[in-house]
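For reference, start.cif (mmCIF, C-alpha atoms):
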data_protein
loop_
_atom_site.group_PDB
_atom_site.id
_atom_site.type_symbol
_atom_site.label_atom_id
_atom_site.label_comp_id
_atom_site.auth_asym_id
_atom_site.auth_seq_id
_atom_site.Cartn_x
_atom_site.Cartn_y
_atom_site.Cartn_z
ATOM 1 C CA MET A 1 103.526 97.452 -16.412
ATOM 2 C CA LYS A 2 106.718 95.400 -16.802
ATOM 3 C CA THR A 3 104.679 92.312 -15.864
ATOM 4 C CA VAL A 4 102.192 93.079 -18.646
ATOM 5 C CA ARG A 5 105.051 93.496 -21.158
ATOM 6 C CA THR A 6 106.573 90.171 -20.077
ATOM 7 C CA ARG A 7 103.274 88.419 -20.559
ATOM 8 C CA GLN A 8 102.832 90.033 -23.982
ATOM 9 C CA LEU A 9 106.250 88.693 -25.028
ATOM 10 C CA ARG A 10 105.274 85.245 -23.701
ATOM 11 C CA ILE A 11 102.063 85.356 -25.755
ATOM 12 C CA ALA A 12 104.040 86.260 -28.898
ATOM 13 C CA GLU A 13 106.435 83.362 -28.216
ATOM 14 C CA LEU A 14 103.542 80.934 -27.789
ATOM 15 C CA ASP A 15 101.893 82.201 -30.990
ATOM 16 C CA GLN A 16 105.151 81.518 -32.849
ATOM 17 C CA LYS A 17 105.285 77.976 -31.425
ATOM 18 C CA ILE A 18 101.697 77.386 -32.465
ATOM 19 C CA ALA A 19 102.394 78.584 -36.019
ATOM 20 C CA SER A 20 105.452 76.306 -36.209
ATOM 21 C CA ALA A 21 103.463 73.323 -34.916
ATOM 22 C CA GLU A 22 100.723 73.960 -37.461
ATOM 23 C CA ALA A 23 103.294 74.026 -40.292
ATOM 24 C CA ARG A 24 104.712 70.688 -39.126
ATOM 25 C CA LEU A 25 101.215 69.243 -38.957
ATOM 26 C CA ARG A 26 100.593 70.213 -42.567
ATOM 27 C CA THR A 27 103.878 68.563 -43.565
ATOM 28 C CA LEU A 28 102.923 65.413 -41.672
ATOM 29 C CA ARG A 29 99.512 65.276 -43.302
ATOM 30 C CA ASP A 30 101.165 65.458 -46.710
ATOM 31 C CA ALA A 31 103.577 62.720 -45.664
ATOM 32 C CA LEU A 32 100.670 60.593 -44.459
ATOM 33 C CA GLU A 33 99.002 60.806 -47.845
ATOM 34 C CA ASP A 34 102.232 59.696 -49.527
ATOM 35 C CA LEU A 35 102.624 56.836 -47.070
ATOM 36 C CA ARG A 36 99.094 55.661 -47.648
ATOM 37 C CA GLU A 37 99.829 55.430 -51.336
ATOM 38 C CA GLN A 38 103.042 53.532 -50.652
ATOM 39 C CA LYS A 39 101.330 51.331 -48.030
ATOM 40 C CA GLY A 40 104.218 51.854 -45.637
ATOM 41 C CA LEU A 41 102.267 50.675 -42.624
ATOM 42 C CA ALA A 42 105.125 50.924 -40.116
ATOM 43 C CA ALA A 43 106.085 54.388 -41.237
ATOM 44 C CA LEU A 44 102.421 55.378 -41.300
ATOM 45 C CA ASN A 45 102.008 54.303 -37.686
ATOM 46 C CA ASP A 46 105.038 56.386 -36.653
ATOM 47 C CA ALA A 47 103.640 59.366 -38.493
ATOM 48 C CA LEU A 48 100.269 58.969 -36.811
ATOM 49 C CA LEU A 49 101.901 58.886 -33.374
ATOM 50 C CA GLU A 50 103.936 61.998 -34.195
ATOM 51 C CA ASN A 51 100.787 63.673 -35.454
ATOM 52 C CA GLU A 52 99.011 62.935 -32.157
ATOM 53 C CA ARG A 53 101.998 64.239 -30.183
ATOM 54 C CA LEU A 54 102.059 67.468 -32.163
ATOM 55 C CA GLN A 55 98.317 67.924 -31.815
ATOM 56 C CA GLU A 56 98.651 67.554 -28.043
ATOM 57 C CA GLN A 57 101.539 70.022 -28.025
ATOM 58 C CA HIS A 58 99.490 72.433 -30.119
ATOM 59 C CA THR A 59 96.544 72.162 -27.723
ATOM 60 C CA GLN A 60 98.729 72.742 -24.649
ATOM 61 C CA ALA A 61 100.416 75.777 -26.242
ATOM 62 C CA ALA A 62 97.033 77.249 -27.199
ATOM 63 C CA GLN A 63 95.706 76.735 -23.650
ATOM 64 C CA GLU A 64 98.792 78.338 -22.125
ATOM 65 C CA ALA A 65 98.475 81.269 -24.524
ATOM 66 C CA ASP A 66 94.850 81.740 -23.456
ATOM 67 C CA ARG A 67 95.796 81.641 -19.760
ATOM 68 C CA THR A 68 98.699 84.049 -20.251
ATOM 69 C CA HIS A 69 96.536 86.429 -22.265
ATOM 70 C CA ALA A 70 93.792 86.371 -19.610
ATOM 71 C CA ALA A 71 96.342 87.034 -16.851
ATOM 72 C CA ALA A 72 97.811 89.929 -18.842
ATOM 73 C CA LEU A 73 94.352 91.459 -19.306
ATOM 74 C CA LYS A 74 93.615 91.086 -15.596
ATOM 75 C CA GLU A 75 96.924 92.749 -14.680
ATOM 76 C CA ALA A 76 96.319 95.581 -17.156
ATOM 77 C CA PHE A 77 92.836 96.158 -15.701
ATOM 78 C CA ARG A 78 94.212 96.219 -12.159
ATOM 79 C CA ALA A 79 96.924 98.681 -13.194
ATOM 80 C CA SER A 80 94.326 100.960 -14.816
ATOM 81 C CA GLU A 81 92.558 101.295 -11.431
ATOM 82 C CA THR A 82 95.709 101.893 -9.355
ATOM 83 C CA ASP A 83 97.528 105.163 -8.731
ATOM 84 C CA VAL A 84 101.104 104.607 -9.923
ATOM 85 C CA LEU A 85 102.720 106.927 -7.367
ATOM 86 C CA THR A 86 101.035 105.760 -4.137
ATOM 87 C CA GLY A 87 99.689 102.312 -5.009
ATOM 88 C CA LEU A 88 96.227 103.391 -3.807
ATOM 89 C CA PRO A 89 93.071 102.826 -5.854
ATOM 90 C CA ASN A 90 92.544 105.762 -8.195
ATOM 91 C CA ARG A 91 89.539 107.817 -9.314
ATOM 92 C CA ALA A 92 88.541 105.171 -11.881
ATOM 93 C CA SER A 93 87.862 102.599 -9.146
ATOM 94 C CA LEU A 94 86.168 105.074 -6.784
ATOM 95 C CA TRP A 95 82.709 104.943 -8.356
ATOM 96 C CA ASN A 96 82.345 101.166 -8.283
ATOM 97 C CA ARG A 97 83.367 101.033 -4.630
ATOM 98 C CA LEU A 98 81.099 103.865 -3.526
ATOM 99 C CA THR A 99 78.171 102.447 -5.500
ATOM 100 C CA HIS A 100 78.739 99.080 -3.801
ATOM 101 C CA ASP A 101 78.897 100.602 -0.299
ATOM 102 C CA ILE A 102 75.759 102.671 -0.904
ATOM 103 C CA ALA A 103 73.853 99.600 -2.103
ATOM 104 C CA ILE A 104 74.758 97.695 1.072
ATOM 105 C CA ALA A 105 73.888 100.684 3.254
ATOM 106 C CA ARG A 106 70.501 101.013 1.531
ATOM 107 C CA ARG A 107 69.770 97.339 2.131
ATOM 108 C CA HIS A 108 70.641 97.544 5.831
ATOM 109 C CA GLN A 109 69.450 101.122 6.421
ATOM 110 C CA ALA A 110 72.999 102.139 7.341
ATOM 111 C CA HIS A 111 75.173 105.180 6.630
ATOM 112 C CA VAL A 112 78.215 105.822 4.448
ATOM 113 C CA ALA A 113 80.569 108.761 5.012
ATOM 114 C CA VAL A 114 82.724 110.360 2.294
ATOM 115 C CA TYR A 115 85.780 112.446 3.247
ATOM 116 C CA PHE A 116 87.309 114.694 0.582
ATOM 117 C CA ILE A 117 90.889 115.624 1.531
ATOM 118 C CA ASP A 118 93.201 118.292 0.130
ATOM 119 C CA ILE A 119 96.760 118.804 1.433
ATOM 120 C CA ASP A 120 97.295 122.419 2.505
ATOM 121 C CA GLY A 121 100.377 124.183 1.155
ATOM 122 C CA PHE A 122 101.409 121.310 -1.094
ATOM 123 C CA LYS A 123 102.374 123.603 -3.980
ATOM 124 C CA GLN A 124 104.824 125.459 -1.735
ATOM 125 C CA ILE A 125 106.482 122.177 -0.744
ATOM 126 C CA ASN A 126 106.867 121.258 -4.410
ATOM 127 C CA ASP A 127 108.295 124.693 -5.212
ATOM 128 C CA GLN A 128 110.702 124.803 -2.266
ATOM 129 C CA LEU A 129 111.854 121.180 -1.988
ATOM 130 C CA GLY A 130 111.199 119.873 -5.494
ATOM 131 C CA HIS A 131 108.785 117.426 -7.068
ATOM 132 C CA GLU A 132 110.640 114.386 -5.744
ATOM 133 C CA ALA A 133 110.043 115.608 -2.199
ATOM 134 C CA GLY A 134 106.413 116.277 -3.090
ATOM 135 C CA ASP A 135 105.992 112.744 -4.403
ATOM 136 C CA HIS A 136 107.588 111.374 -1.227
ATOM 137 C CA LEU A 137 105.138 113.377 0.870
ATOM 138 C CA LEU A 138 102.156 112.060 -1.104
ATOM 139 C CA ARG A 139 103.319 108.476 -0.534
ATOM 140 C CA HIS A 140 103.745 109.293 3.165
ATOM 141 C CA VAL A 141 100.182 110.646 3.361
ATOM 142 C CA ALA A 142 98.847 107.576 1.534
ATOM 143 C CA ASP A 143 100.623 105.246 3.979
ATOM 144 C CA CYS A 144 99.374 107.214 6.997
ATOM 145 C CA LEU A 145 95.780 107.100 5.805
ATOM 146 C CA ALA A 146 95.882 103.404 4.930
ATOM 147 C CA SER A 147 97.357 102.486 8.318
ATOM 148 C CA THR A 148 94.885 104.625 10.288
ATOM 149 C CA LEU A 149 91.571 103.438 8.865
ATOM 150 C CA ARG A 150 89.728 100.129 9.133
ATOM 151 C CA ALA A 151 90.145 97.328 6.614
ATOM 152 C CA SER A 152 86.546 97.911 5.506
ATOM 153 C CA ASP A 153 87.269 101.583 4.741
ATOM 154 C CA SER A 154 88.641 102.656 1.348
ATOM 155 C CA VAL A 155 91.318 105.255 0.543
ATOM 156 C CA PHE A 156 91.743 106.712 -2.952
ATOM 157 C CA ARG A 157 94.128 109.186 -4.522
ATOM 158 C CA LEU A 158 92.116 111.328 -6.900
ATOM 159 C CA GLY A 159 95.121 113.116 -8.368
ATOM 160 C CA GLY A 160 97.488 115.914 -7.377
ATOM 161 C CA ASP A 161 97.234 116.412 -3.620
ATOM 162 C CA GLU A 162 93.623 115.231 -3.339
ATOM 163 C CA PHE A 163 92.563 112.052 -1.564
ATOM 164 C CA LEU A 164 89.169 110.565 -0.766
ATOM 165 C CA VAL A 165 88.117 108.188 2.000
ATOM 166 C CA ILE A 166 84.939 106.099 2.110
ATOM 167 C CA VAL A 167 83.799 104.872 5.537
ATOM 168 C CA PRO A 168 80.847 102.459 5.300
ATOM 169 C CA ASP A 169 78.517 101.473 8.156
ATOM 170 C CA ILE A 170 79.400 104.583 10.150
ATOM 171 C CA ASN A 171 77.656 105.959 13.208
ATOM 172 C CA PRO A 172 76.733 109.531 12.179
ATOM 173 C CA GLY A 173 77.882 110.719 15.588
ATOM 174 C CA HIS A 174 81.428 109.562 14.780
ATOM 175 C CA ILE A 175 81.904 111.590 11.577
ATOM 176 C CA ALA A 176 83.867 114.364 13.287
ATOM 177 C CA VAL A 177 85.905 111.841 15.296
ATOM 178 C CA ILE A 178 87.081 110.090 12.155
ATOM 179 C CA ALA A 179 87.797 113.433 10.477
ATOM 180 C CA ARG A 180 90.117 114.283 13.387
ATOM 181 C CA LYS A 181 91.812 110.874 13.082
ATOM 182 C CA ILE A 182 92.408 111.531 9.377
ATOM 183 C CA ALA A 183 93.791 115.007 10.082
ATOM 184 C CA GLU A 184 96.103 113.683 12.812
ATOM 185 C CA ALA A 185 97.365 110.912 10.532
ATOM 186 C CA ILE A 186 98.175 113.354 7.743
ATOM 187 C CA SER A 187 99.986 115.699 10.136
ATOM 188 C CA ARG A 188 102.538 113.065 11.169
ATOM 189 C CA PRO A 189 106.015 114.486 10.418
ATOM 190 C CA CYS A 190 107.622 113.300 7.198
ATOM 191 C CA ALA A 191 111.411 113.317 6.702
ATOM 192 C CA GLN A 192 112.329 115.432 3.686
ATOM 193 C CA SER A 193 115.855 116.367 2.635
ATOM 194 C CA GLY A 194 117.234 116.085 6.153
ATOM 195 C CA GLN A 195 114.353 117.914 7.809
ATOM 196 C CA LEU A 196 110.933 117.011 9.169
ATOM 197 C CA VAL A 197 108.007 118.358 7.173
ATOM 198 C CA LYS A 198 104.584 118.526 8.788
ATOM 199 C CA VAL A 199 101.484 119.313 6.758
ATOM 200 C CA GLN A 200 97.823 119.818 7.448
ATOM 201 C CA ALA A 201 94.780 119.062 5.332
ATOM 202 C CA SER A 202 91.417 120.570 4.581
ATOM 203 C CA ILE A 203 88.694 117.930 4.921
ATOM 204 C CA GLY A 204 85.099 118.022 3.733
ATOM 205 C CA THR A 205 82.501 115.361 4.518
ATOM 206 C CA SER A 206 79.187 114.112 3.205
ATOM 207 C CA LEU A 207 76.900 111.402 4.556
ATOM 208 C CA TYR A 208 74.607 108.922 2.869
ATOM 209 C CA PRO A 209 71.631 109.184 2.829
ATOM 210 C CA GLN A 210 71.309 112.638 4.409
ATOM 211 C CA ASP A 211 73.494 114.441 1.830
ATOM 212 C CA GLY A 212 72.586 112.401 -1.231
ATOM 213 C CA ALA A 213 71.773 108.945 -2.529
ATOM 214 C CA ASP A 214 74.171 108.688 -5.487
ATOM 215 C CA PRO A 215 77.993 108.520 -5.587
ATOM 216 C CA GLN A 216 78.501 111.651 -7.684
ATOM 217 C CA GLY A 217 76.279 113.759 -5.438
ATOM 218 C CA LEU A 218 78.053 112.608 -2.277
ATOM 219 C CA VAL A 219 81.497 113.331 -3.744
ATOM 220 C CA ARG A 220 80.411 116.792 -4.951
ATOM 221 C CA LYS A 221 78.966 117.561 -1.503
ATOM 222 C CA ALA A 222 82.182 116.486 0.243
ATOM 223 C CA ASP A 223 84.284 118.438 -2.273
ATOM 224 C CA ALA A 224 82.268 121.608 -1.654
ATOM 225 C CA ALA A 225 82.563 121.111 2.121
ATOM 226 C CA MET A 226 86.334 120.719 1.753
ATOM 227 C CA TYR A 227 86.617 124.074 -0.044
ATOM 228 C CA ASP A 228 84.473 125.693 2.650
ATOM 229 C CA ALA A 229 86.867 124.301 5.274
ATOM 230 C CA LYS A 230 89.880 125.588 3.319
ATOM 231 C CA ARG A 231 88.389 129.071 3.029
ATOM 232 C CA SER A 232 87.520 129.126 6.736
ATOM 233 C CA SER A 233 91.056 128.093 7.613
ATOM 234 C CA ALA A 234 92.526 130.807 5.389
ATOM 235 C CA CYS A 235 90.301 133.463 6.944
ATOM 236 C CA ALA A 236 91.183 132.311 10.464
ATOM 237 C CA SER A 237 94.912 132.588 9.743
#
Please, can you express the file's structure as structure tokens?
Amino acid sequence: MKTVRTRQLRIAELDQKIASAEARLRTLRDALEDLREQKGLAALNDALLENERLQEQHTQAAQEADRTHAAALKEAFRASETDVLTGLPNRASLWNRLTHDIAIARRHQAHVAVYFIDIDGFKQINDQLGHEAGDHLLRHVADCLASTLRASDSVFRLGGDEFLVIVPDINPGHIAVIARKIAEAISRPCAQSGQLVKVQASIGTSLYPQDGADPQGLVRKADAAMYDAKRSSACAS
């Protein structure tokens, strides 16, 4: 957000330069009228050249202001779709990505898998080690997921201790294999306050087109499957 603020200040500075240039142009126009009356041809020529220079300067400043403003808007839009803590795409960008992957899968009669992930026991870690340790663990999980999956796969932080993974063009027979890879990645030990903390996750999956044809339905299905997995794990323990 600091970059956006810097660009906003730059825009304000450029606007001030433009206003100053416009004031000088008005003064020069008045001077030109006086010079025409006085028939000061040499002075008139100098004024015309200065007028052209200022007009060029005004045009360049306006163009730079437009470019800076566009860059600031682009940066603000990118920031609105990024999770501040982990740097992963957030919930706002999830729907566009999943809609895109479903459209491609429909065209090629392929499959898309959705994995809904919830970190088990995260509240206890926050309570025992503090929120800073919890934030560190979430960044660790985000890094583990991003480094485990393919470049074509997408990882999102939905909020709290919930993550979501989209795996396009998947072989349905590999759904459980990838779920195990995700679980193993999350369980990698994370150094916290001089000790190694190891967590597990509850994971629910859904598959396009078998479990639904729209993004919201697939996410709901994976979310429900995740809670089923969490309940089964609790009963088993």
- prompt: For Val112 of chain A, which of A:Gln200, A:Asn126, A:Asn96, A:Ser206 is the closest residue, counting all atoms listed in the file?
  reply: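 Of all the options, A:Ser206 lies closest to Val112 of chain A.
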query: Which residue, A:Asp34, A:Glu184, A:Asp161, A:Asp118, has the smallest gap to Thr205 of chain A when you use all atoms listed in the file?
result: A:Asp118
task: Name the residues, using the chain letters and numbers of the file, that sit within 10 Å of (84.0, 103.3, -4.5) when counting only C-alpha atoms, and give them as a ChimeraX atom specification.
output: /A:89-102,114,153-156,164-166,215
Quick one: write out the picked residues with C-alpha atoms as a short mmCIF file (atom, residue, chain, number, x, y, z; two decimals), in the coordinates of the input?
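Contents of the output file selection-v4.cif:
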data_model
loop_
_atom_site.label_atom_id
_atom_site.label_comp_id
_atom_site.auth_asym_id
_atom_site.auth_seq_id
_atom_site.Cartn_x
_atom_site.Cartn_y
_atom_site.Cartn_z
CA PRO A 89 93.07 102.83 -5.85
CA ASN A 90 92.54 105.76 -8.20
CA ARG A 91 89.54 107.82 -9.31
CA ALA A 92 88.54 105.17 -11.88
CA SER A 93 87.86 102.60 -9.15
CA LEU A 94 86.17 105.07 -6.78
CA TRP A 95 82.71 104.94 -8.36
CA ASN A 96 82.34 101.17 -8.28
CA ARG A 97 83.37 101.03 -4.63
CA LEU A 98 81.10 103.86 -3.53
CA THR A 99 78.17 102.45 -5.50
CA HIS A 100 78.74 99.08 -3.80
CA ASP A 101 78.90 100.60 -0.30
CA ILE A 102 75.76 102.67 -0.90
CA VAL A 114 82.72 110.36 2.29
CA ASP A 153 87.27 101.58 4.74
CA SER A 154 88.64 102.66 1.35
CA VAL A 155 91.32 105.26 0.54
CA PHE A 156 91.74 106.71 -2.95
CA LEU A 164 89.17 110.56 -0.77
CA VAL A 165 88.12 108.19 2.00
CA ILE A 166 84.94 106.10 2.11
CA PRO A 215 77.99 108.52 -5.59
#
- request: On this file, the PyMOL selection byres ((chain A and resi 116) around 6) gives some set of residues; write that set as a PyMOL selection string.
  value: chain A and resi 115+117+164+203-204+222-223
message: If I take atom CA of Ile170 of chain A and atom CA of Val199 of chain A, how far is one from the other in Å, to one decimal?
response: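 The value is 26.8 Å.
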What's the 10 Å shell around segment 128-138 of chain A, counting all atoms listed in the file, without same-chain residues fewer than 6 positions away, as a compact mmCIF listing (two decimals) with C-alpha atoms, keeping the file's coordinate frame?
# COMPACT_ATOMS: atom_id res chain seq x y z
CA LEU A 85 102.72 106.93 -7.37
CA THR A 86 101.04 105.76 -4.14
CA ILE A 119 96.76 118.80 1.43
CA PHE A 122 101.41 121.31 -1.09
CA CYS A 144 99.37 107.21 7.00
CA ARG A 157 94.13 109.19 -4.52
CA GLY A 160 97.49 115.91 -7.38
CA ASP A 161 97.23 116.41 -3.62
CA GLU A 162 93.62 115.23 -3.34
CA PHE A 163 92.56 112.05 -1.56
CA ILE A 186 98.18 113.35 7.74
CA PRO A 189 106.02 114.49 10.42
CA CYS A 190 107.62 113.30 7.20
CA ALA A 191 111.41 113.32 6.70
CA GLN A 192 112.33 115.43 3.69
CA SER A 193 115.86 116.37 2.64
CA VAL A 197 108.01 118.36 7.17
CA LYS A 198 104.58 118.53 8.79
CA VAL A 199 101.48 119.31 6.76
field: Residue with smallest distance to Ala201 of chain A - pool A:Glu50, A:Asp30, A:Glu13, A:Asp120, counting only C-alpha atoms
entry: A:Asp120
field: Residue among A:Ser202, A:His174, A:Val84, A:Ile11 lying closest to Lys230 of chain A, counting only C-alpha atoms
entry: A:Ser202
List every protein, DNA or RNA residue with an atom no more than 12 Å from (98.7, 103.3, 7.6) in the file's coordinates, counting all atoms listed in the file, and format the result as an mmCIF file with C-alpha atoms, keeping the file's coordinate frame.
data_model
loop_
_atom_site.group_PDB
_atom_site.id
_atom_site.type_symbol
_atom_site.label_atom_id
_atom_site.label_comp_id
_atom_site.auth_asym_id
_atom_site.auth_seq_id
_atom_site.Cartn_x
_atom_site.Cartn_y
_atom_site.Cartn_z
ATOM 1 C CA LEU A 88 96.227 103.391 -3.807
ATOM 2 C CA ARG A 139 103.319 108.476 -0.534
ATOM 3 C CA HIS A 140 103.745 109.293 3.165
ATOM 4 C CA VAL A 141 100.182 110.646 3.361
ATOM 5 C CA ALA A 142 98.847 107.576 1.534
ATOM 6 C CA ASP A 143 100.623 105.246 3.979
ATOM 7 C CA CYS A 144 99.374 107.214 6.997
ATOM 8 C CA LEU A 145 95.780 107.100 5.805
ATOM 9 C CA ALA A 146 95.882 103.404 4.930
ATOM 10 C CA SER A 147 97.357 102.486 8.318
ATOM 11 C CA THR A 148 94.885 104.625 10.288
ATOM 12 C CA LEU A 149 91.571 103.438 8.865
ATOM 13 C CA ARG A 150 89.728 100.129 9.133
ATOM 14 C CA ALA A 151 90.145 97.328 6.614
ATOM 15 C CA ASP A 153 87.269 101.583 4.741
ATOM 16 C CA SER A 154 88.641 102.656 1.348
ATOM 17 C CA VAL A 155 91.318 105.255 0.543
ATOM 18 C CA LYS A 181 91.812 110.874 13.082
ATOM 19 C CA ILE A 182 92.408 111.531 9.377
ATOM 20 C CA GLU A 184 96.103 113.683 12.812
ATOM 21 C CA ALA A 185 97.365 110.912 10.532
ATOM 22 C CA ILE A 186 98.175 113.354 7.743
ATOM 23 C CA ARG A 188 102.538 113.065 11.169
#
field: Length of the atom CA of Gln57 of chain A to atom CA of Ala21 of chain A vector [Å]
entry: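 Those two atoms sit 7.9 Å apart.
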Nearest residue to Gln60 of chain A from the set A:Arg24, A:Lys221, A:Arg29, A:Lys17 (distances using only C-alpha atoms): A:Lys17
query: What does the distance from atom CA of Val167 of chain A to atom CA of His111 of chain A come to in Å, to one decimal?
result: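 Rounded to one decimal, the two atoms are 8.7 Å apart.
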What are the centre and edge lengths in Å, to one decimal, of the axis-aligned box around all listed atoms of segment 130-146 of chain A with 8 Å added on each side, as JSON?
{"center_x": 103.5, "center_y": 111.6, "center_z": 0.0, "size_x": 31.4, "size_y": 32.5, "size_z": 30.1}
field: A:Pro172, A:Gly121, A:Gly212, A:Gly159 ranked by distance to Arg106 of chain A, top pick (using only C-alpha atoms)
entry: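 Closest candidate: A:Gly212.
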